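What follows is one structure encoded as structure tokens, with my remarks underneath.
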Amino acid sequence: MPTRFRLSAATSWTTEAGPGGTPLLFLGLLFWAFLLLPFAALLLHISWPALAREFSPVGLSPLAVSLLATAAATLVIVLAGTPLAWLLARGPGGVGRVVEALLVIPLLTPPLVIGLLLVYLYGPYSFLGHLLALVRVSATNTLWAVILAEIYEAAPYYIFAAQAAFSQVDPTVEQASLFLGVPPWHTWRRVTLPLAAPGLAVALSMAWARAIGAFGAVIVVAYYPHGLPVATWVALQEQGLPQALPLALLLILVALPFPLFTLWWRWRNRVPHQP
Amino acid sequence: MFRISLEQPRARFTVRVDLEVAPGELFCLFGPSGAGKSTVLRTAAGIERLHRGRVVLDDAVLAVSDRQRRCFLPVWRRRLGYLEQHPRLFPHLTVEGNIAYGLPGGQLTKEGRRLARELGLEEFLGVYPHALSGGQRQRVALARALAADPRALLLDEPFSALDEAARGELQELLRRVQRRHRLTALFVTHHLAEAQRLADRMGILDEGRLLQSAPPAEIMARPATPRVARLVGYTDFLPGGVFGRSGGLLGVHPDRALLGSFPHLGPVAEGVVEQRTPREGTFRVRLRLPGGHRVSVASPLPDGHGLTPGEAAWITLLDPPVFPVPESAARAAGL
């Protein structure tokens, strides 16, 4: 009688390459439900006429403040953070570890505390506050203050993610470019940057999301002008949940597209692994 | 002319090398792993800082470091083609983009296309590196290096990761291209057969010292010292008296000896077969000679043609090198 072989339960969900799609689908749905159900609740409870009112000229003010401040903060973070992240990935280890440790501090400090520290540093009665006042700039309760607080909250996220992106670029590939007579700056532009770009896109979307949602530090240093997170908080405090929900939805609507776009772009431009 | 004269301290020893590669010559630096071959190449390339010495290519000083001066030409100004075991292609560029990378404007010229054709890459120009085999990737790396019009090629075991067939094919290709372009090339390898096949001249490097530089055939026939002989495959060193010669040690290379008595070809001795073991398609026969000396010889004879253990057999050494070393000293040195 011929012997019959039957796949055991353990092999039914595995392939040669690793676990199959079933566990991934199960865990994915579980986390999806946990993370996204609150958003569904938001959509069910929102007052749509109230949302329309937020797009009136008065309601647009927090949106404009948030978009403007976040765009400026992200620009500063990218311009200053990208070279630093590259140096952390490629520079001398000793100094790099010290700088890393210093960058971890704002990452681990609660945003509210960051706000308090910023008031001490840039407030109207501080030395820097006096210097800024001389050039008619105030780092509290102005758009500049919102930008400053957003930079403090979002910069470490960008720098660490960008450092990871640069670390993934094989230095010997950069070296190959140098041997072909291409100087370091052009090698960075033509090899390092394109290869790190998918990781940098993730870093950028993280920085954007952190900056546009920055609340703890912002509410301390810049109660005015209201950005979307502060405006949502004020609406909640003064008018209740139904009035806060449209602003919350607006915040999500402006915060999400850019990170989603960068994730899509990253997927489109992923560099195939070279054995 | 590529002149390399350097002293580079390593953990166990200092690499001290003086060598010259003539224009259009392919010089192979051969030696065991850890001998300092890659140190020489990496220093010449500019990847490692020169500790002491000079690296000069034609009329250009690439690096000099002595008590008076320390100056180094950066890698991107040296115009050297550098190939290593892993091709390090740009994964985000196609084969065409890789080959054209070092050209002005990043565009493949007529000469670049000719090179791609010469290296059998014409049909892969639009393909990304991840879709290529190891041998094809190394071809692209070679084409990319040649397209940038280097003054010299530095090759650090570029074919070591390839299978035998691909390696042979690429060795052939490299030799052809190097000759056609009359390129000065310094090739590092620990595969003796590769060095013999490719080199116009080869240098034997051991623990940071260049022991001998000569054409491969000369080194095989006349190794300068027993250590060089050992490194190029000589397995036994026997007193001349065993073969009826007076004085010195005779070097025995398993592939430079015949089983049988052929006195017109070299010294002959009679012994007894001790062992016969298969090796890479042939056999290695171990003989015990008068005085208890043992010697290994390659033999293509299949089973059933004698040479069983205990049988008598003759051995003829083909023009063996003779080293004027007292037997006692040779034994003390482990030879």
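Residue names in the structure tokens use chain letters A, B, ... in the order shown, residue numbers from 1 in each chain, and ligand numbers from 1 in the order shown.
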
| query | Taking only C-alpha atoms into account, what are the residues of chain B at most 6 Å from chain A, put as number ranges by chain? | reply | B: 75-77, 88, 92, 102, 130

| said: Would you pick out the contacts of range 185-200 of chain B at 7 Å or less, using only C-alpha atoms, so that residues sharing its chain but fewer than 3 positions from it are not included, and give the list as a count of residues only? | reply: 22

| task | as a VMD selection string, list the residues of range 4-118 of chain B assigned to strand (DSSP E) by DSSP on the backbone atoms of this structure. | result | chain B and resid 4 to 9 14 to 21 26 to 30 52 to 57 60 to 65 70 to 72 80 to 84

C-alpha atoms of the current selection, written as a CSV table (one decimal), in the first residue's frame:
```
chain,number,residue,atom,x,y,z
B,4,ILE,CA,55.5,51.8,-5.7
B,5,SER,CA,57.9,52.0,-2.8
B,6,LEU,CA,56.3,51.8,0.6
B,7,GLU,CA,56.5,50.9,4.3
B,8,GLN,CA,53.1,50.3,5.9
B,9,PRO,CA,53.0,49.0,9.5
B,14,THR,CA,55.6,46.0,8.4
B,15,VAL,CA,54.9,45.7,4.7
B,16,ARG,CA,58.1,46.8,2.9
B,17,VAL,CA,57.8,46.7,-0.9
B,18,ASP,CA,59.7,48.2,-3.8
B,19,LEU,CA,58.2,47.4,-7.2
B,20,GLU,CA,57.9,48.7,-10.7
B,21,VAL,CA,55.3,47.9,-13.2
B,26,LEU,CA,50.3,43.2,-16.1
B,27,PHE,CA,52.1,42.6,-12.9
B,28,CYS,CA,50.6,40.0,-10.5
B,29,LEU,CA,51.3,40.3,-6.8
B,30,PHE,CA,51.0,36.7,-5.5
B,52,ARG,CA,56.5,56.0,4.3
B,53,GLY,CA,57.5,55.9,0.7
B,54,ARG,CA,56.4,57.1,-2.7
B,55,VAL,CA,53.8,56.1,-5.3
B,56,VAL,CA,54.6,57.4,-8.7
B,57,LEU,CA,52.7,56.8,-12.0
B,60,ALA,CA,52.7,62.1,-11.6
B,61,VAL,CA,53.5,61.7,-7.9
B,62,LEU,CA,50.4,60.1,-6.4
B,63,ALA,CA,51.7,60.0,-2.8
B,64,VAL,CA,54.9,60.8,-1.0
B,65,SER,CA,55.6,60.5,2.6
B,70,ARG,CA,53.7,64.3,3.2
B,71,CYS,CA,51.3,64.8,0.3
B,72,PHE,CA,48.6,62.7,-1.2
B,80,LEU,CA,43.2,54.7,-11.5
B,81,GLY,CA,40.8,52.0,-12.3
B,82,TYR,CA,40.1,49.9,-9.2
B,83,LEU,CA,38.4,46.5,-9.2
B,84,GLU,CA,37.8,44.3,-6.2
```

| field | Contacts of Leu307 in chain B at 8 Å (only C-alpha atoms; same-chain gap of 4+ positions) as a list in words | value | Val273, Arg276, Val285, Glu311, Ala312 and Ala313 of chain B

Can you spit out the residues from that selection as a short mmCIF file (atom, residue, chain, number, x, y, z; two decimals), in the first residue's frame, using N, CA and C atoms?
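To be explicit, this is the file written out as again-v1.cif:
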```cif
data_model
loop_
_atom_site.label_atom_id
_atom_site.label_comp_id
_atom_site.auth_asym_id
_atom_site.auth_seq_id
_atom_site.Cartn_x
_atom_site.Cartn_y
_atom_site.Cartn_z
N VAL B 273 55.98 2.84 -3.59
CA VAL B 273 54.69 3.57 -3.48
C VAL B 273 54.13 3.36 -2.07
N ARG B 276 48.26 6.31 -2.65
CA ARG B 276 47.79 6.88 -3.92
C ARG B 276 46.39 7.44 -3.66
N VAL B 285 50.53 10.52 -5.94
CA VAL B 285 51.21 9.29 -5.48
C VAL B 285 52.33 9.68 -4.52
N GLU B 311 54.47 -1.28 -4.21
CA GLU B 311 55.17 -1.50 -5.48
C GLU B 311 56.37 -0.59 -5.61
N ALA B 312 57.37 -1.04 -6.33
CA ALA B 312 58.54 -0.19 -6.60
C ALA B 312 58.17 0.79 -7.73
N ALA B 313 58.73 2.00 -7.69
CA ALA B 313 58.46 2.98 -8.76
C ALA B 313 59.64 3.92 -8.89
#
```

| field | Among listed residues A:Val254, A:Gln243, A:Tyr157, A:Gln163, nearest Gly91 in chain A (using only C-alpha atoms) | value |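 Closest residue, counting only C-alpha atoms: A:Gln163.
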
| said: Taking the DSSP secondary structure from the backbone, can you list the residues of range 30-270 of chain B that are alpha helix (DSSP H), as JSON, numbers by chain? | reply: {"B": [37, 38, 39, 40, 41, 42, 43, 44, 45, 95, 96, 97, 98, 99, 100, 110, 111, 112, 113, 114, 115, 116, 117, 118, 134, 135, 136, 137, 138, 139, 140, 141, 142, 143, 144, 145, 146, 147, 164, 165, 166, 167, 168, 169, 170, 171, 172, 173, 174, 175, 176, 177, 178, 179, 180, 192, 193, 194, 195, 196, 197, 198, 216, 217, 218, 219, 220, 221, 226, 227, 228, 229, 230, 231]}

| query | Of the candidates B:Thr316, B:Ser160, B:Gln212, B:Gln85, which one gets nearest to Val295 in chain B if we count only C-alpha atoms? | reply |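 Under the stated criterion, the closest residue is B:Thr316.
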
| field | Residues within 10 Å of range 99-116 of chain A, only C-alpha atoms, excluding chain neighbours under 6 positions, as a list in words | value | Leu84, Ala85, Leu88, Gly93, Gly123, Leu148, Ala149, Glu150, Tyr152, Glu153, Ala154, Ala155, Pro156, Tyr157, Ile159, Phe160, Ala214, Phe215, Gly216, Ala217, Val218, Ile219, Val220, Val221 and Ala222 of chain A

For the residues selected in the previous step, produce a file with N, CA, C and O atoms as a JSON list (two decimals), in the first residue's frame.
```json
[["chain", "number", "residue", "atom", "x", "y", "z"],
["A", 84, "LEU", "N", 24.08, 66.94, 8.99],
["A", 84, "LEU", "CA", 24.41, 66.37, 10.30],
["A", 84, "LEU", "C", 24.17, 64.86, 10.31],
["A", 84, "LEU", "O", 25.01, 64.09, 10.80],
["A", 85, "ALA", "N", 23.05, 64.44, 9.72],
["A", 85, "ALA", "CA", 22.75, 63.00, 9.68],
["A", 85, "ALA", "C", 23.81, 62.26, 8.88],
["A", 85, "ALA", "O", 24.25, 61.17, 9.25],
["A", 88, "LEU", "N", 26.89, 61.99, 10.95],
["A", 88, "LEU", "CA", 26.72, 60.98, 12.00],
["A", 88, "LEU", "C", 26.90, 59.57, 11.43],
["A", 88, "LEU", "O", 27.43, 58.69, 12.09],
["A", 93, "GLY", "N", 33.57, 58.00, 14.87],
["A", 93, "GLY", "CA", 32.63, 57.36, 15.79],
["A", 93, "GLY", "C", 32.52, 58.05, 17.14],
["A", 93, "GLY", "O", 31.42, 58.24, 17.65],
["A", 123, "GLY", "N", 12.51, 83.41, 25.91],
["A", 123, "GLY", "CA", 11.45, 84.28, 26.43],
["A", 123, "GLY", "C", 11.87, 85.74, 26.50],
["A", 123, "GLY", "O", 13.06, 86.06, 26.40],
["A", 148, "LEU", "N", 9.89, 77.58, 15.80],
["A", 148, "LEU", "CA", 10.97, 77.18, 16.70],
["A", 148, "LEU", "C", 10.57, 75.93, 17.51],
["A", 148, "LEU", "O", 11.32, 74.95, 17.60],
["A", 149, "ALA", "N", 9.37, 75.96, 18.07],
["A", 149, "ALA", "CA", 8.91, 74.83, 18.90],
["A", 149, "ALA", "C", 8.77, 73.57, 18.04],
["A", 149, "ALA", "O", 9.12, 72.47, 18.47],
["A", 150, "GLU", "N", 8.27, 73.74, 16.82],
["A", 150, "GLU", "CA", 8.11, 72.57, 15.93],
["A", 150, "GLU", "C", 9.46, 71.97, 15.57],
["A", 150, "GLU", "O", 9.62, 70.76, 15.50],
["A", 152, "TYR", "N", 12.17, 72.04, 17.41],
["A", 152, "TYR", "CA", 12.66, 71.31, 18.59],
["A", 152, "TYR", "C", 11.98, 69.96, 18.72],
["A", 152, "TYR", "O", 12.61, 68.98, 19.09],
["A", 153, "GLU", "N", 10.71, 69.90, 18.42],
["A", 153, "GLU", "CA", 9.99, 68.63, 18.59],
["A", 153, "GLU", "C", 10.30, 67.63, 17.48],
["A", 153, "GLU", "O", 10.35, 66.43, 17.72],
["A", 154, "ALA", "N", 10.51, 68.13, 16.26],
["A", 154, "ALA", "CA", 10.58, 67.20, 15.11],
["A", 154, "ALA", "C", 12.01, 66.88, 14.66],
["A", 154, "ALA", "O", 12.24, 65.82, 14.07],
["A", 155, "ALA", "N", 12.97, 67.78, 14.93],
["A", 155, "ALA", "CA", 14.31, 67.61, 14.36],
["A", 155, "ALA", "C", 14.97, 66.27, 14.72],
["A", 155, "ALA", "O", 15.51, 65.60, 13.83],
["A", 156, "PRO", "N", 14.96, 65.84, 15.98],
["A", 156, "PRO", "CA", 15.65, 64.58, 16.29],
["A", 156, "PRO", "C", 15.09, 63.39, 15.50],
["A", 156, "PRO", "O", 15.84, 62.50, 15.09],
["A", 157, "TYR", "N", 13.77, 63.39, 15.26],
["A", 157, "TYR", "CA", 13.17, 62.28, 14.50],
["A", 157, "TYR", "C", 13.74, 62.24, 13.09],
["A", 157, "TYR", "O", 14.08, 61.19, 12.57],
["A", 159, "ILE", "N", 16.61, 63.58, 12.04],
["A", 159, "ILE", "CA", 18.06, 63.33, 12.01],
["A", 159, "ILE", "C", 18.36, 61.84, 12.21],
["A", 159, "ILE", "O", 19.16, 61.26, 11.47],
["A", 160, "PHE", "N", 17.69, 61.21, 13.16],
["A", 160, "PHE", "CA", 17.97, 59.79, 13.40],
["A", 160, "PHE", "C", 17.51, 58.93, 12.21],
["A", 160, "PHE", "O", 18.20, 57.99, 11.83],
["A", 214, "ALA", "N", 2.73, 69.03, 16.42],
["A", 214, "ALA", "CA", 3.40, 69.48, 17.65],
["A", 214, "ALA", "C", 2.43, 70.29, 18.51],
["A", 214, "ALA", "O", 1.77, 71.21, 18.02],
["A", 215, "PHE", "N", 2.34, 69.93, 19.77],
["A", 215, "PHE", "CA", 1.37, 70.59, 20.63],
["A", 215, "PHE", "C", 1.99, 71.05, 21.97],
["A", 215, "PHE", "O", 1.93, 72.21, 22.34],
["A", 216, "GLY", "N", 2.64, 70.09, 22.66],
["A", 216, "GLY", "CA", 3.13, 70.37, 24.01],
["A", 216, "GLY", "C", 4.03, 71.59, 24.09],
["A", 216, "GLY", "O", 3.80, 72.50, 24.90],
["A", 217, "ALA", "N", 5.05, 71.61, 23.24],
["A", 217, "ALA", "CA", 5.99, 72.74, 23.28],
["A", 217, "ALA", "C", 5.33, 73.99, 22.72],
["A", 217, "ALA", "O", 5.56, 75.11, 23.21],
["A", 218, "VAL", "N", 4.52, 73.79, 21.67],
["A", 218, "VAL", "CA", 3.93, 74.94, 20.98],
["A", 218, "VAL", "C", 2.99, 75.72, 21.90],
["A", 218, "VAL", "O", 3.03, 76.95, 21.96],
["A", 219, "ILE", "N", 2.15, 75.00, 22.67],
["A", 219, "ILE", "CA", 1.14, 75.70, 23.48],
["A", 219, "ILE", "C", 1.81, 76.55, 24.57],
["A", 219, "ILE", "O", 1.25, 77.57, 25.01],
["A", 220, "VAL", "N", 3.03, 76.15, 24.99],
["A", 220, "VAL", "CA", 3.73, 76.93, 26.01],
["A", 220, "VAL", "C", 4.36, 78.19, 25.41],
["A", 220, "VAL", "O", 4.21, 79.28, 25.94],
["A", 221, "VAL", "N", 5.06, 78.03, 24.28],
["A", 221, "VAL", "CA", 5.78, 79.19, 23.73],
["A", 221, "VAL", "C", 4.91, 80.04, 22.81],
["A", 221, "VAL", "O", 5.20, 81.22, 22.59],
["A", 222, "ALA", "N", 3.86, 79.44, 22.23],
["A", 222, "ALA", "CA", 3.06, 80.21, 21.27],
["A", 222, "ALA", "C", 1.59, 79.82, 21.37],
["A", 222, "ALA", "O", 1.08, 79.08, 20.53]]
```

| Minimum-distance residue to Arg180 in chain B, chosen among B:Glu48, B:Ala141, B:Leu115, B:Gly168 (using only C-alpha atoms) |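 Between B:Glu48, B:Ala141, B:Leu115, B:Gly168, the residue approaching Arg180 in chain B most closely is B:Leu115.
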
| query | Smallest atom-to-atom distance to Leu256 in chain A: which of A:Leu241, A:Leu117, A:Ile151, A:Ile212, using only C-alpha atoms? | reply | A:Ile212

| field | Counting only C-alpha atoms, the option among B:Leu318, B:Ala35, B:Pro23, B:Pro223 closest to His264 in chain B | value |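 The shortest atom-to-atom distance to His264 in chain B comes from B:Leu318.
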
| task | Enter the distance from CA of Ala217 in chain B to CA of Thr39 in chain B, in Å, rounded to one decimal. | result | 25.8 Å

| request: Between CA of Ala73 in chain A and CA of Ile147 in chain A, measure the distance and give it in Å to one decimal. | output: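 Interatomic distance, CA of Ala73 in chain A to CA of Ile147 in chain A: 5.3 Å.
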
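Compared by their closest atoms to Pro225 in chain A, and using only C-alpha atoms, the residues A:Leu128, A:Leu143, A:Ala72, A:Ala33 rank with A:Leu143 nearest.
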